[in-house]
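Below is target-v2.txt, holding compact mmCIF, C-alpha atoms.
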# COMPACT_ATOMS: atom_id res chain seq x y z
CA MET A 51 71.22 64.44 83.15
CA ILE A 52 73.45 64.01 80.12
CA GLU A 53 70.73 62.98 77.69
CA SER A 54 68.64 66.03 78.57
CA ARG A 55 71.70 68.05 77.55
CA GLY A 56 71.74 66.53 74.11
CA VAL A 57 73.87 63.38 74.20
CA PRO A 58 72.36 59.86 74.11
CA SER A 59 73.38 57.75 77.09
CA VAL A 60 73.18 54.27 78.53
CA ALA A 61 73.93 53.23 82.12
CA ILE A 62 75.28 49.96 83.45
CA GLY A 63 73.84 49.67 86.95
CA LEU A 64 74.58 47.40 89.92
CA VAL A 65 71.59 48.38 92.08
CA ARG A 66 68.33 47.68 90.32
CA PRO A 67 66.18 49.78 92.69
CA HIS A 68 68.33 52.79 91.76
CA LEU A 69 67.73 52.18 88.07
CA GLU A 70 64.01 51.80 88.67
CA ALA A 71 63.90 55.02 90.71
CA THR A 72 65.90 57.25 88.40
CA ARG A 73 64.16 56.03 85.22
CA ALA A 74 67.17 56.80 83.07
CA PRO A 75 66.55 56.64 79.30
CA ARG A 76 68.39 53.32 78.89
CA SER A 77 70.00 51.11 81.49
CA LEU A 78 71.30 47.60 81.89
CA PHE A 79 71.10 45.99 85.32
CA VAL A 80 74.07 43.72 85.94
CA PRO A 81 73.96 41.24 88.85
CA PHE A 82 77.55 41.75 89.97
CA GLN A 83 79.08 42.89 93.24
CA LEU A 84 79.37 46.60 93.94
CA GLY A 85 82.51 48.04 92.36
CA ARG A 86 82.43 45.80 89.30
CA PRO A 87 80.02 47.13 86.66
CA LEU A 88 81.80 45.11 83.96
CA GLY A 89 81.75 42.03 86.16
CA GLU A 90 84.86 40.01 85.74
CA PRO A 91 88.42 41.31 86.07
CA GLY A 92 90.75 39.92 83.44
CA ASP A 93 87.96 38.34 81.38
CA ALA A 94 87.79 40.46 78.24
CA ALA A 95 85.18 38.23 76.59
CA PHE A 96 82.80 38.56 79.54
CA GLN A 97 83.30 42.32 79.78
CA ARG A 98 82.69 42.60 76.06
CA ARG A 99 79.35 40.83 76.35
CA VAL A 100 78.27 43.27 79.08
CA LEU A 101 79.43 46.23 77.03
CA LEU A 102 77.78 45.08 73.79
CA HIS A 103 74.48 44.49 75.57
CA ALA A 104 74.59 47.98 77.09
CA LEU A 105 75.67 49.76 73.92
CA GLY A 106 73.08 47.85 71.93
CA LEU A 107 70.37 49.64 73.91
CA LEU A 108 71.44 52.86 72.19
CA GLU A 109 70.03 51.54 68.93
CA ARG A 110 66.61 50.72 70.39
CA ARG A 111 63.69 52.96 69.52
CA ASP A 112 61.16 51.71 72.08
CA GLY A 113 62.02 54.04 74.96
CA PRO A 114 61.94 55.83 77.24
CA VAL A 115 62.42 53.99 79.61
CA ILE A 116 64.48 50.91 78.70
CA LEU A 117 65.66 48.77 81.63
CA GLU A 118 67.08 45.34 80.86
CA ASP A 119 68.67 42.63 82.98
CA PHE A 120 72.00 41.13 81.97
CA ALA A 121 71.51 37.38 81.75
CA GLU A 122 74.78 36.10 83.22
CA ASP A 123 76.32 36.11 86.68
CA ALA A 124 80.01 36.94 86.91
CA PRO A 125 81.67 33.50 86.89
CA ASN A 126 84.29 34.00 89.61
CA GLU A 127 82.49 35.92 92.33
CA ARG A 128 82.25 32.83 94.50
CA ASP A 129 85.15 31.67 96.68
CA THR A 130 87.93 29.82 94.92
CA PRO A 131 88.14 26.37 96.56
CA GLY A 132 91.36 25.86 98.46
CA TRP A 133 92.69 29.36 97.84
CA GLN A 134 95.58 30.38 100.07
CA PRO A 135 97.81 33.48 100.01
CA PRO A 136 100.98 32.78 97.99
CA PHE A 137 103.10 33.54 101.06
CA ALA A 138 103.07 33.08 104.82
CA LEU A 139 103.26 36.24 106.87
CA PRO A 140 106.03 36.25 109.49
CA ALA A 141 104.88 36.19 113.09
CA PRO A 142 105.88 39.47 114.74
CA PRO A 143 108.06 39.32 117.86
CA PRO A 144 105.76 38.79 120.85
CA SER A 145 106.68 42.11 122.44
CA ALA A 146 106.40 44.16 119.25
CA GLY A 147 103.64 46.73 119.08
CA LEU A 148 101.32 47.24 116.16
CA PRO A 149 103.54 49.74 114.28
CA ALA A 150 106.50 47.34 114.44
CA ALA A 151 104.30 44.43 113.34
CA LEU A 152 102.99 46.52 110.47
CA ALA A 153 106.50 47.52 109.44
CA ALA A 154 107.56 43.86 109.40
CA ALA A 155 104.52 42.91 107.33
CA ILE A 156 105.10 45.72 104.82
CA ALA A 157 108.74 44.70 104.45
CA HIS A 158 107.68 41.10 103.86
CA LEU A 159 104.95 42.01 101.39
CA GLY A 160 107.08 44.49 99.42
CA PRO A 161 108.51 41.92 96.96
CA TRP A 162 105.01 40.46 96.46
CA TRP A 163 103.63 43.91 95.76
CA ASP A 164 106.38 44.31 93.16
CA ARG A 165 105.30 41.01 91.59
CA ALA A 166 101.70 42.13 91.58
CA GLN A 167 102.70 45.29 89.71
CA ALA A 168 104.53 43.18 87.18
CA ARG A 169 101.51 40.90 86.83
CA PHE A 170 98.87 43.60 86.48
CA GLY A 171 101.05 46.31 84.95
CA ARG A 172 100.24 48.87 87.59
CA THR A 173 99.36 49.63 91.18
CA THR A 174 96.42 51.52 92.66
CA VAL A 175 98.56 52.66 95.61
CA GLY A 176 99.39 56.36 95.60
CA LEU A 177 96.81 58.49 97.40
CA CYS A 178 98.50 59.52 100.65
CA GLY A 179 101.79 60.80 99.27
CA LEU A 180 103.97 58.58 101.45
CA PRO A 181 105.90 55.45 100.42
CA PRO A 182 104.86 52.17 102.10
CA GLU A 183 107.87 52.02 104.40
CA ALA A 184 106.81 55.38 105.91
CA TRP A 185 103.25 54.30 106.71
CA PRO A 186 103.87 52.65 110.13
CA GLY A 187 105.83 55.66 111.35
CA TYR A 188 103.11 58.07 110.23
CA ALA A 189 100.26 56.02 111.71
CA ALA A 190 101.93 55.23 115.05
CA PRO A 191 101.45 58.63 116.76
CA PHE A 192 97.70 58.47 116.12
CA LEU A 193 97.54 55.41 118.37
CA ASP A 194 98.94 57.56 121.19
CA GLY A 195 96.45 60.36 120.57
CA ALA A 196 98.88 62.63 118.70
CA LEU A 197 98.36 64.31 115.32
CA PRO A 198 101.54 64.05 113.24
CA ALA A 199 102.30 66.75 110.69
CA ALA A 200 100.87 65.83 107.31
CA PRO A 201 103.37 65.46 104.48
CA SER A 202 101.18 67.34 102.00
CA ALA A 203 98.34 69.82 101.80
CA PHE A 204 95.91 67.30 103.32
CA SER A 205 95.03 67.45 106.98
CA PRO A 206 96.57 64.77 109.22
CA ALA A 207 93.21 63.02 109.44
CA LEU A 208 92.71 63.01 105.67
CA THR A 209 96.24 61.78 105.15
CA LEU A 210 95.45 58.91 107.51
CA ARG A 211 92.33 58.05 105.54
CA TYR A 212 94.25 57.96 102.27
CA LEU A 213 96.99 55.97 103.98
CA ALA A 214 94.35 53.43 104.98
CA ASP A 215 93.19 53.16 101.36
CA ASP A 216 96.79 52.75 100.22
CA LEU A 217 97.53 50.15 102.88
CA LYS A 218 94.53 48.06 101.86
CA ALA A 219 95.47 48.33 98.19
CA PHE A 220 99.12 47.45 98.90
CA CYS A 221 98.23 44.28 100.82
CA MET A 222 95.36 43.21 98.57
CA GLU A 223 97.45 43.67 95.44
CA ALA A 224 100.36 41.76 97.04
CA VAL A 225 98.16 38.80 97.91
CA GLN A 226 96.99 38.63 94.28
CA ALA A 227 100.55 38.57 92.94
CA GLU A 228 100.47 34.89 92.07
CA GLY A 229 98.09 32.01 91.66
CA PRO A 230 94.41 31.78 90.83
CA ALA A 231 92.11 34.73 91.43
CA ALA A 232 90.58 34.69 94.89
CA SER A 233 87.12 36.08 95.52
CA SER A 234 86.94 39.54 97.02
CA ARG A 235 85.48 37.92 100.13
CA GLN A 236 88.53 35.66 100.50
CA ILE A 237 90.92 38.57 100.05
CA ASN A 238 89.06 40.68 102.59
CA ALA A 239 88.85 37.78 105.05
CA TRP A 240 92.62 37.35 104.82
CA PHE A 241 93.26 41.08 105.20
CA TRP A 242 90.94 41.72 108.14
CA ASN A 243 91.50 38.44 110.00
CA ALA A 244 95.15 37.62 109.40
CA THR A 245 97.25 40.73 108.84
CA ALA A 246 98.89 43.36 111.02
CA ALA A 247 97.57 45.91 108.52
CA GLY A 248 93.99 44.91 109.30
CA ARG A 249 94.68 45.03 113.05
CA MET A 250 96.27 48.45 112.67
CA LEU A 251 93.25 49.86 110.84
CA LEU A 252 90.91 48.46 113.48
CA ALA A 253 93.02 50.09 116.20
CA LEU A 254 93.13 53.39 114.34
CA ARG A 255 89.37 53.31 113.89
CA ARG A 256 88.88 52.90 117.62
CA VAL A 257 91.25 55.79 118.37
CA ALA A 258 89.66 58.01 115.72
CA GLN A 259 86.17 57.30 117.03
CA ALA A 260 87.18 58.31 120.54
CA SER A 261 89.15 61.37 119.44
CA GLU A 262 87.96 64.90 120.10
CA GLU A 263 89.46 65.97 116.77
CA LYS A 264 86.58 66.39 114.32
CA GLY A 265 88.55 65.28 111.29
CA LEU A 266 89.51 62.03 112.95
CA GLN A 267 85.94 61.41 114.08
CA THR A 268 84.84 61.81 110.48
CA ILE A 269 87.40 59.50 108.92
CA ALA A 270 86.77 56.81 111.54
CA ARG A 271 83.80 55.73 109.42
CA PHE A 272 85.98 55.27 106.35
CA LEU A 273 88.68 52.95 107.66
CA VAL A 274 87.00 49.56 108.15
CA PRO A 275 83.94 48.25 106.27
CA VAL A 276 81.26 47.43 108.82
CA PRO A 277 80.87 43.79 107.66
CA TRP A 278 84.50 43.21 108.68
CA LEU A 279 84.28 44.75 112.14
CA PRO A 280 84.87 42.17 114.90
CA ALA A 281 82.06 41.96 117.44
CA ASP A 282 84.05 43.86 120.06
CA HIS A 283 84.51 46.82 117.69
CA GLN A 284 80.86 47.35 116.81
CA MET B 189 46.50 39.71 89.37
CA CYS B 190 49.39 37.25 89.11
CA SER B 191 52.95 38.53 89.10
CA PRO B 192 54.97 37.50 86.04
CA ARG B 193 57.12 35.30 88.28
CA ARG B 194 54.08 33.43 89.63
CA ASP B 195 52.86 32.93 86.08
CA VAL B 196 56.19 31.37 85.14
CA THR B 197 56.14 29.14 88.21
CA ALA B 198 52.63 27.90 87.41
CA ALA B 199 53.64 27.30 83.81
CA GLY B 200 56.71 25.36 84.97
CA ILE B 201 54.72 23.12 87.28
CA ALA B 202 52.10 22.49 84.60
CA ALA B 203 54.81 21.61 82.12
CA ILE B 204 56.43 19.18 84.58
CA SER B 205 53.06 17.48 85.13
CA GLY B 206 52.60 17.20 81.38
CA ASP B 207 56.09 15.85 80.84
CA LEU B 208 55.72 13.19 83.53
CA ALA B 209 52.26 12.15 82.36
CA ARG B 210 53.48 11.58 78.82
CA PRO B 211 53.66 7.84 77.97
CA ARG B 212 57.15 6.35 77.69
CA LYS B 213 58.59 2.91 77.10
CA ALA B 214 59.02 0.63 80.09
CA GLY B 215 62.49 1.09 81.60
CA ALA B 216 63.22 4.23 79.64
CA PRO B 217 64.87 6.94 81.76
CA LEU B 218 62.78 9.89 82.83
CA PRO B 219 63.35 12.83 80.52
CA ILE B 220 64.49 16.13 82.01
CA PRO B 221 61.11 17.81 82.08
CA ARG B 222 60.77 20.99 80.12
CA GLY B 223 59.07 22.50 83.17
CA CYS B 224 62.25 22.04 85.22
CA ARG B 225 64.10 24.20 82.73
CA ILE B 226 61.36 26.83 82.92
CA LEU B 227 61.54 26.85 86.73
CA ALA B 228 65.35 26.96 86.75
CA ALA B 229 65.33 29.94 84.41
CA ALA B 230 62.72 31.69 86.56
CA PHE B 231 64.78 31.02 89.69
CA ALA B 232 67.94 32.36 88.04
CA ARG B 233 66.10 35.51 86.98
CA SER B 234 64.64 36.04 90.43
CA ARG B 235 68.09 35.63 92.02
CA ARG B 236 69.58 38.23 89.72
CA VAL B 237 66.84 40.73 90.34
CA ALA B 238 67.13 40.13 94.08
CA ARG B 239 70.88 40.74 94.06
CA ILE B 240 70.57 43.70 96.40
CA ASP B 241 69.75 41.13 99.08
CA ASP B 242 73.28 39.75 98.76
CA ILE B 243 74.82 43.00 99.99
CA PRO B 244 75.49 42.76 103.73
CA GLU B 245 73.91 45.17 106.16
CA PRO B 246 74.34 48.01 106.94
CA THR B 247 75.71 48.63 103.44
CA ARG B 248 72.48 47.43 101.83
CA SER B 249 70.34 49.94 103.67
CA ALA B 250 72.87 52.69 103.05
CA VAL B 251 72.92 51.92 99.32
CA LEU B 252 69.14 51.84 99.11
CA ALA B 253 68.91 55.12 101.03
CA LEU B 254 71.11 56.99 98.55
CA PRO B 255 69.23 59.83 96.87
CA CYS B 256 68.03 58.76 93.43
CA PRO B 257 65.91 61.64 92.20
CA PRO B 258 64.06 60.78 89.00
CA PHE B 259 64.86 62.86 85.96
CA ALA B 260 62.73 65.96 85.58
CA ASP B 261 62.04 65.07 81.97
CA GLN B 262 62.14 61.92 79.89
CA PRO B 263 64.56 62.59 77.06
CA PHE B 264 65.18 59.80 74.57
CA LEU B 265 67.45 60.83 71.76
CA ALA B 266 67.98 58.91 68.57
CA GLY B 267 71.35 58.69 66.93
CA PRO B 268 73.28 57.08 64.13
CA PRO B 269 74.05 53.35 64.11
CA LEU B 270 76.50 52.21 66.79
CA SER B 271 79.15 51.71 64.14
CA GLN B 272 79.13 55.47 63.56
CA ARG B 273 79.01 56.63 67.17
CA ARG B 274 81.91 57.93 69.22
CA VAL B 275 81.60 56.76 72.80
CA ALA B 276 82.70 58.42 76.05
CA ILE B 277 82.70 56.90 79.55
CA ILE B 278 81.41 58.68 82.64
CA SER B 279 82.52 56.79 85.74
CA SER B 280 81.33 57.49 89.28
CA ALA B 281 84.38 55.76 90.78
CA ALA B 282 86.26 58.99 91.62
CA LEU B 283 89.04 58.14 89.19
CA HIS B 284 91.79 60.67 88.64
CA PRO B 285 95.27 60.83 87.16
CA ARG B 286 98.13 59.92 89.50
CA GLY B 287 99.70 63.08 90.83
CA THR B 288 96.41 64.99 91.00
CA PRO B 289 94.59 65.47 94.32
CA PRO B 290 92.07 62.82 95.41
CA PHE B 291 88.38 63.69 95.18
CA PRO B 292 87.17 65.44 98.34
CA ALA B 293 84.08 63.90 99.93
CA GLY B 294 80.85 65.33 98.61
CA THR B 295 82.43 67.25 95.77
CA PRO B 296 80.33 67.81 92.65
CA GLU B 297 83.42 68.27 90.46
CA VAL B 298 84.38 66.25 87.40
CA ARG B 299 87.86 65.10 86.44
CA MET B 300 88.71 64.76 82.79
CA LEU B 301 90.50 61.54 81.87
CA PRO B 302 92.38 61.66 78.57
CA ALA B 303 91.72 58.47 76.61
CA ASP B 304 95.45 57.86 76.28
CA LEU B 305 96.04 58.09 80.03
CA PRO B 306 98.07 54.97 80.88
CA ALA B 307 96.30 52.52 83.19
CA ALA B 308 99.18 52.87 85.64
CA SER B 309 98.36 56.57 85.96
CA LEU B 310 94.80 56.03 87.11
CA LEU B 311 93.91 56.14 90.82
CA MET B 312 90.59 55.72 92.63
CA SER B 313 89.75 57.90 95.64
CA HIS B 314 86.06 57.21 96.20
CA ILE B 315 85.01 57.96 99.76
CA SER B 316 82.99 54.75 100.13
CA ILE B 317 84.72 51.67 101.50
CA ASN B 318 81.68 49.51 100.83
CA PHE B 319 82.37 48.40 97.29
CA ASP B 320 84.94 46.01 95.94
CA ARG B 321 88.33 47.34 94.85
CA THR B 322 90.07 44.03 94.23
CA GLY B 323 88.56 43.70 90.75
CA PHE B 324 89.76 47.18 89.79
CA GLN B 325 93.17 46.36 91.25
CA ARG B 326 93.46 43.44 88.85
CA ASP B 327 91.96 45.12 85.81
CA ILE B 328 90.85 48.74 85.27
CA ASN B 329 88.26 47.55 82.77
CA THR B 330 86.24 46.07 85.63
CA ALA B 331 85.05 49.62 86.38
CA TYR B 332 86.43 51.69 83.49
CA PRO B 333 86.17 49.65 80.26
CA ILE B 334 88.51 51.76 78.17
CA ASP B 335 90.37 48.81 76.61
CA ARG B 336 87.11 47.10 75.65
CA LEU B 337 85.91 50.29 73.96
CA ARG B 338 89.18 50.54 72.02
CA GLU B 339 88.75 46.96 70.84
CA LEU B 340 85.18 47.61 69.69
CA ALA B 341 86.37 50.70 67.83
CA ALA B 342 89.20 48.80 66.16
CA GLU B 343 86.67 46.20 64.98
CA GLY B 344 84.28 48.83 63.70
CA VAL B 345 81.53 47.85 66.14
CA ILE B 346 81.50 51.43 67.41
CA GLY B 347 82.58 54.44 65.42
CA GLY B 348 85.29 55.55 67.81
CA VAL B 349 86.44 56.26 71.34
CA ALA B 350 86.24 59.75 72.76
CA ALA B 351 89.46 61.62 73.39
CA THR B 352 88.19 62.56 76.85
CA HIS B 353 86.40 60.51 79.49
CA TYR B 354 84.97 61.68 82.82
CA ALA B 355 84.98 60.74 86.48
CA VAL B 356 82.86 62.01 89.34
CA MET B 357 82.43 61.09 92.99
CA GLY B 358 79.51 58.69 93.03
CA SER B 359 78.46 59.41 96.60
CA THR B 360 77.78 63.07 95.86
CA ASP B 361 74.13 64.10 95.83
CA PRO B 362 73.23 64.34 92.13
CA ARG B 363 71.04 67.37 92.87
CA THR B 364 74.26 69.37 93.38
CA MET B 365 75.73 68.34 90.04
CA ALA B 366 73.77 70.30 87.44
CA ALA B 367 76.72 72.58 86.67
CA THR B 368 78.98 69.54 86.36
CA ALA B 369 76.55 67.95 83.93
CA ASP B 370 76.60 71.18 81.90
CA GLN B 371 80.39 71.12 81.90
CA ILE B 372 80.55 67.50 80.77
CA ALA B 373 77.87 68.01 78.11
CA GLY B 374 79.78 71.02 76.77
CA GLN B 375 82.94 68.98 76.38
CA LEU B 376 81.00 66.09 74.80
CA ARG B 377 79.47 68.42 72.23
CA GLN B 378 82.83 70.01 71.51
CA GLU B 379 84.28 66.56 70.77
CA ARG B 380 81.16 65.58 68.78
CA ILE B 381 80.43 62.60 71.02
CA ASP B 382 77.12 60.90 70.34
CA ALA B 383 77.03 58.13 72.94
CA VAL B 384 77.81 58.11 76.65
CA LEU B 385 78.37 55.00 78.73
CA LEU B 386 77.67 55.55 82.43
CA THR B 387 79.44 53.11 84.74
CA PRO B 388 78.49 53.66 88.37
CA VAL B 389 80.29 51.52 90.94

As structure tokens, what does this structure read like?
Amino acid sequence: MIESRGVPSVAIGLVRPHLEATRAPRSLFVPFQLGRPLGEPGDAAFQRRVLLHALGLLERRDGPVILEDFAEDAPNERDTPGWQPPFALPAPPPSAGLPAALAAAIAHLGPWWDRAQARFGRTTVGLCGLPPEAWPGYAAPFLDGALPAAPSAFSPALTLRYLADDLKAFCMEAVQAEGPAASSRQINAWFWNATAAGRMLLALRRVAQASEEKGLQTIARFLVPVPWLPADHQ
Amino acid sequence: MCSPRRDVTAAGIAAISGDLARPRKAGAPLPIPRGCRILAAAFARSRRVARIDDIPEPTRSAVLALPCPPFADQPFLAGPPLSQRRVAIISSAALHPRGTPPFPAGTPEVRMLPADLPAASLLMSHISINFDRTGFQRDINTAYPIDRLRELAAEGVIGGVAATHYAVMGSTDPRTMAATADQIAGQLRQERIDAVLLTPV
């Protein structure tokens, strides 16, 4: 679309069938996981090789259509042997409900989230407009079928969806605060199998699916990735 | 007609046979046959091309079902050497400056990202939950290689980095985005950009 408007372009693509179907002027297929077109976080040399290969296609004269395959796999996509979170999550009191368990987990993870921000220089949390300590209180009424007032111009359902994105980012950044890089699979396994945050999102998904409120029904699909749904949630 | 992969496999097996049949001194270790290297390379290539198979269902089917209309024409523009080109990024990761509203689902809009926007001011609000965010959490360049472009510009490998970059919502049907493409192209021309790097997630 851009090249037909007068500007030469090159695409880095993660789904080869898409590149084959669109027949863009120049594209480089990279065999990395979805979400990582440059492949390897924190590895400037690797990213540079991807970028130079892609940009180099701009100097070719033998198109259209140029579609090349990048020759390397991203080195750290596989699980890191022996990886463990740098902290142990406190066990919630036996009688505590999900919101209380989530509040305890957020309080525990807060200092680790701070460390992650120091390590990576930033956070990707910030979509829902609420600070982390307010998330359990905002999410709790949904579990009882209520729709709390949204703190911003978003609808309650949309606020909940952004809160879910923020909650995942908060926890997944915190668990990367120290130590070697874990694979995305290891981080997701920890989040969905071992945290109150994961349990809360599963519970919210179930409530949203059963709700008569259209907005909640819609966002139910955008809370938990299907590969991480337990069998009794599918 | 043989597929290229089958040709390579046959060539690899033939090479292994040749390697093993070659006379060698008694007790000398077997060489690593050249054919093994050919087969290993062919296997590695086939694994890369088949990467879509690594995506778990139902995400794989959903990804493959996304609309990918072919371009109506086949433009292929020439340009100056890379060392003279100014490069802009168009990301489909629904990136936007902190403090601005997230991308609504299905929107065809574009958000302009100033090149000097600090990494800490960049958020991602893509509707899909089926792609990895942990890499972006560690390093924005995983999806938005702005620092790598700056380095290439500083070294003279590319002519420069655009003052403005662009983000769209990648799950939006591209057939609704003609006006957005016009808008982006207008800004690119205004900034005299002569190379665009598309980085879908």

Just to confirm, what's the straight-line distance from atom CA of Asn329 of chain B to atom CA of Ala307 of chain B in Å (one decimal)?
9.5 Å

Closest atom pairs, chain B residues within 6 Å of chain A, all atoms listed in the file, as JSON lines:
{"residue": "B:Arg236", "atom": "CA", "partner": "A:Pro81", "partner_atom": "CA", "distance": 5.4}
{"residue": "B:Cys256", "atom": "CA", "partner": "A:Thr72", "partner_atom": "CA", "distance": 5.7}
{"residue": "B:Pro257", "atom": "CA", "partner": "A:Thr72", "partner_atom": "CA", "distance": 5.8}
{"residue": "B:Pro258", "atom": "CA", "partner": "A:Thr72", "partner_atom": "CA", "distance": 4.0}
{"residue": "B:Pro263", "atom": "CA", "partner": "A:Ser54", "partner_atom": "CA", "distance": 5.5}
{"residue": "B:Phe264", "atom": "CA", "partner": "A:Pro114", "partner_atom": "CA", "distance": 5.8}
{"residue": "B:Leu265", "atom": "CA", "partner": "A:Pro58", "partner_atom": "CA", "distance": 5.5}
{"residue": "B:Ala308", "atom": "CA", "partner": "A:Arg172", "partner_atom": "CA", "distance": 4.6}
{"residue": "B:Leu311", "atom": "CA", "partner": "A:Thr174", "partner_atom": "CA", "distance": 5.6}
{"residue": "B:Ile317", "atom": "CA", "partner": "A:Pro275", "partner_atom": "CA", "distance": 5.9}
{"residue": "B:Phe319", "atom": "CA", "partner": "A:Leu84", "partner_atom": "CA", "distance": 4.8}
{"residue": "B:Asp320", "atom": "CA", "partner": "A:Gly85", "partner_atom": "CA", "distance": 4.8}
{"residue": "B:Gly323", "atom": "CA", "partner": "A:Pro91", "partner_atom": "CA", "distance": 5.3}
{"residue": "B:Arg326", "atom": "CA", "partner": "A:Phe170", "partner_atom": "CA", "distance": 5.9}
{"residue": "B:Asp327", "atom": "CA", "partner": "A:Pro91", "partner_atom": "CA", "distance": 5.2}
{"residue": "B:Thr330", "atom": "CA", "partner": "A:Leu88", "partner_atom": "CA", "distance": 4.8}
{"residue": "B:Ala331", "atom": "CA", "partner": "A:Arg86", "partner_atom": "CA", "distance": 5.5}
{"residue": "B:Asp382", "atom": "CA", "partner": "A:Val57", "partner_atom": "CA", "distance": 5.6}
{"residue": "B:Ala383", "atom": "CA", "partner": "A:Pro58", "partner_atom": "CA", "distance": 5.1}
{"residue": "B:Val384", "atom": "CA", "partner": "A:Ser59", "partner_atom": "CA", "distance": 4.5}
{"residue": "B:Leu385", "atom": "CA", "partner": "A:Val60", "partner_atom": "CA", "distance": 5.2}
{"residue": "B:Leu386", "atom": "CA", "partner": "A:Ala61", "partner_atom": "CA", "distance": 4.4}
{"residue": "B:Thr387", "atom": "CA", "partner": "A:Ile62", "partner_atom": "CA", "distance": 5.4}
{"residue": "B:Val389", "atom": "CA", "partner": "A:Gly85", "partner_atom": "CA", "distance": 4.4}

All residues 10 Å or closer to Asp304 of chain B, only C-alpha atoms, same chain fewer than 5 positions away omitted, as a PyMOL selection string
chain B and resi 334+351-353

Using only C-alpha atoms, which of the listed residues (B:Ser271, B:Glu297, B:Thr368, B:Asn318) sits closest to Ser249 of chain B?
B:Asn318

Name all residues at most 12 Å from Ala303 of chain B (count all atoms listed in the file; drop same-chain ones fewer than 4 positions away) and give them as a list in words.
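Final neighbour list, sorted by chain and number: Val275, Ala276, Ile277, Ile278, Pro285, Ala307, Ser309, Leu310, Tyr332, Pro333, Ile334, Asp335, Leu337, Arg338, Gly348, Val349, Ala350, Ala351, Thr352, His353 and Tyr354 of chain B.
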
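From atom CA of Trp185 of chain A back to atom CA of Pro201 of chain A, the distance works out to 11.4 Å.
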
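Using all atoms listed in the file, the nearest neighbour of Leu301 of chain B within the list B:Gln272, B:Thr288, B:Thr247, B:Ser359 is B:Thr288.
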
Between atom CA of Glu263 of chain A and atom CA of Pro182 of chain A - distance in Å to one decimal
25.4 Å

Pick out the closest residue to Leu251 of chain A from this set: A:His103, A:Pro230, A:Ser145, A:Leu217. Count all atoms listed in the file.
A:Leu217

Return the single residue from A:Leu266, A:Val225, A:Ala244, A:Leu180 that is closest to Asp164 of chain A, with distances computed using all atoms listed in the file.
A:Val225
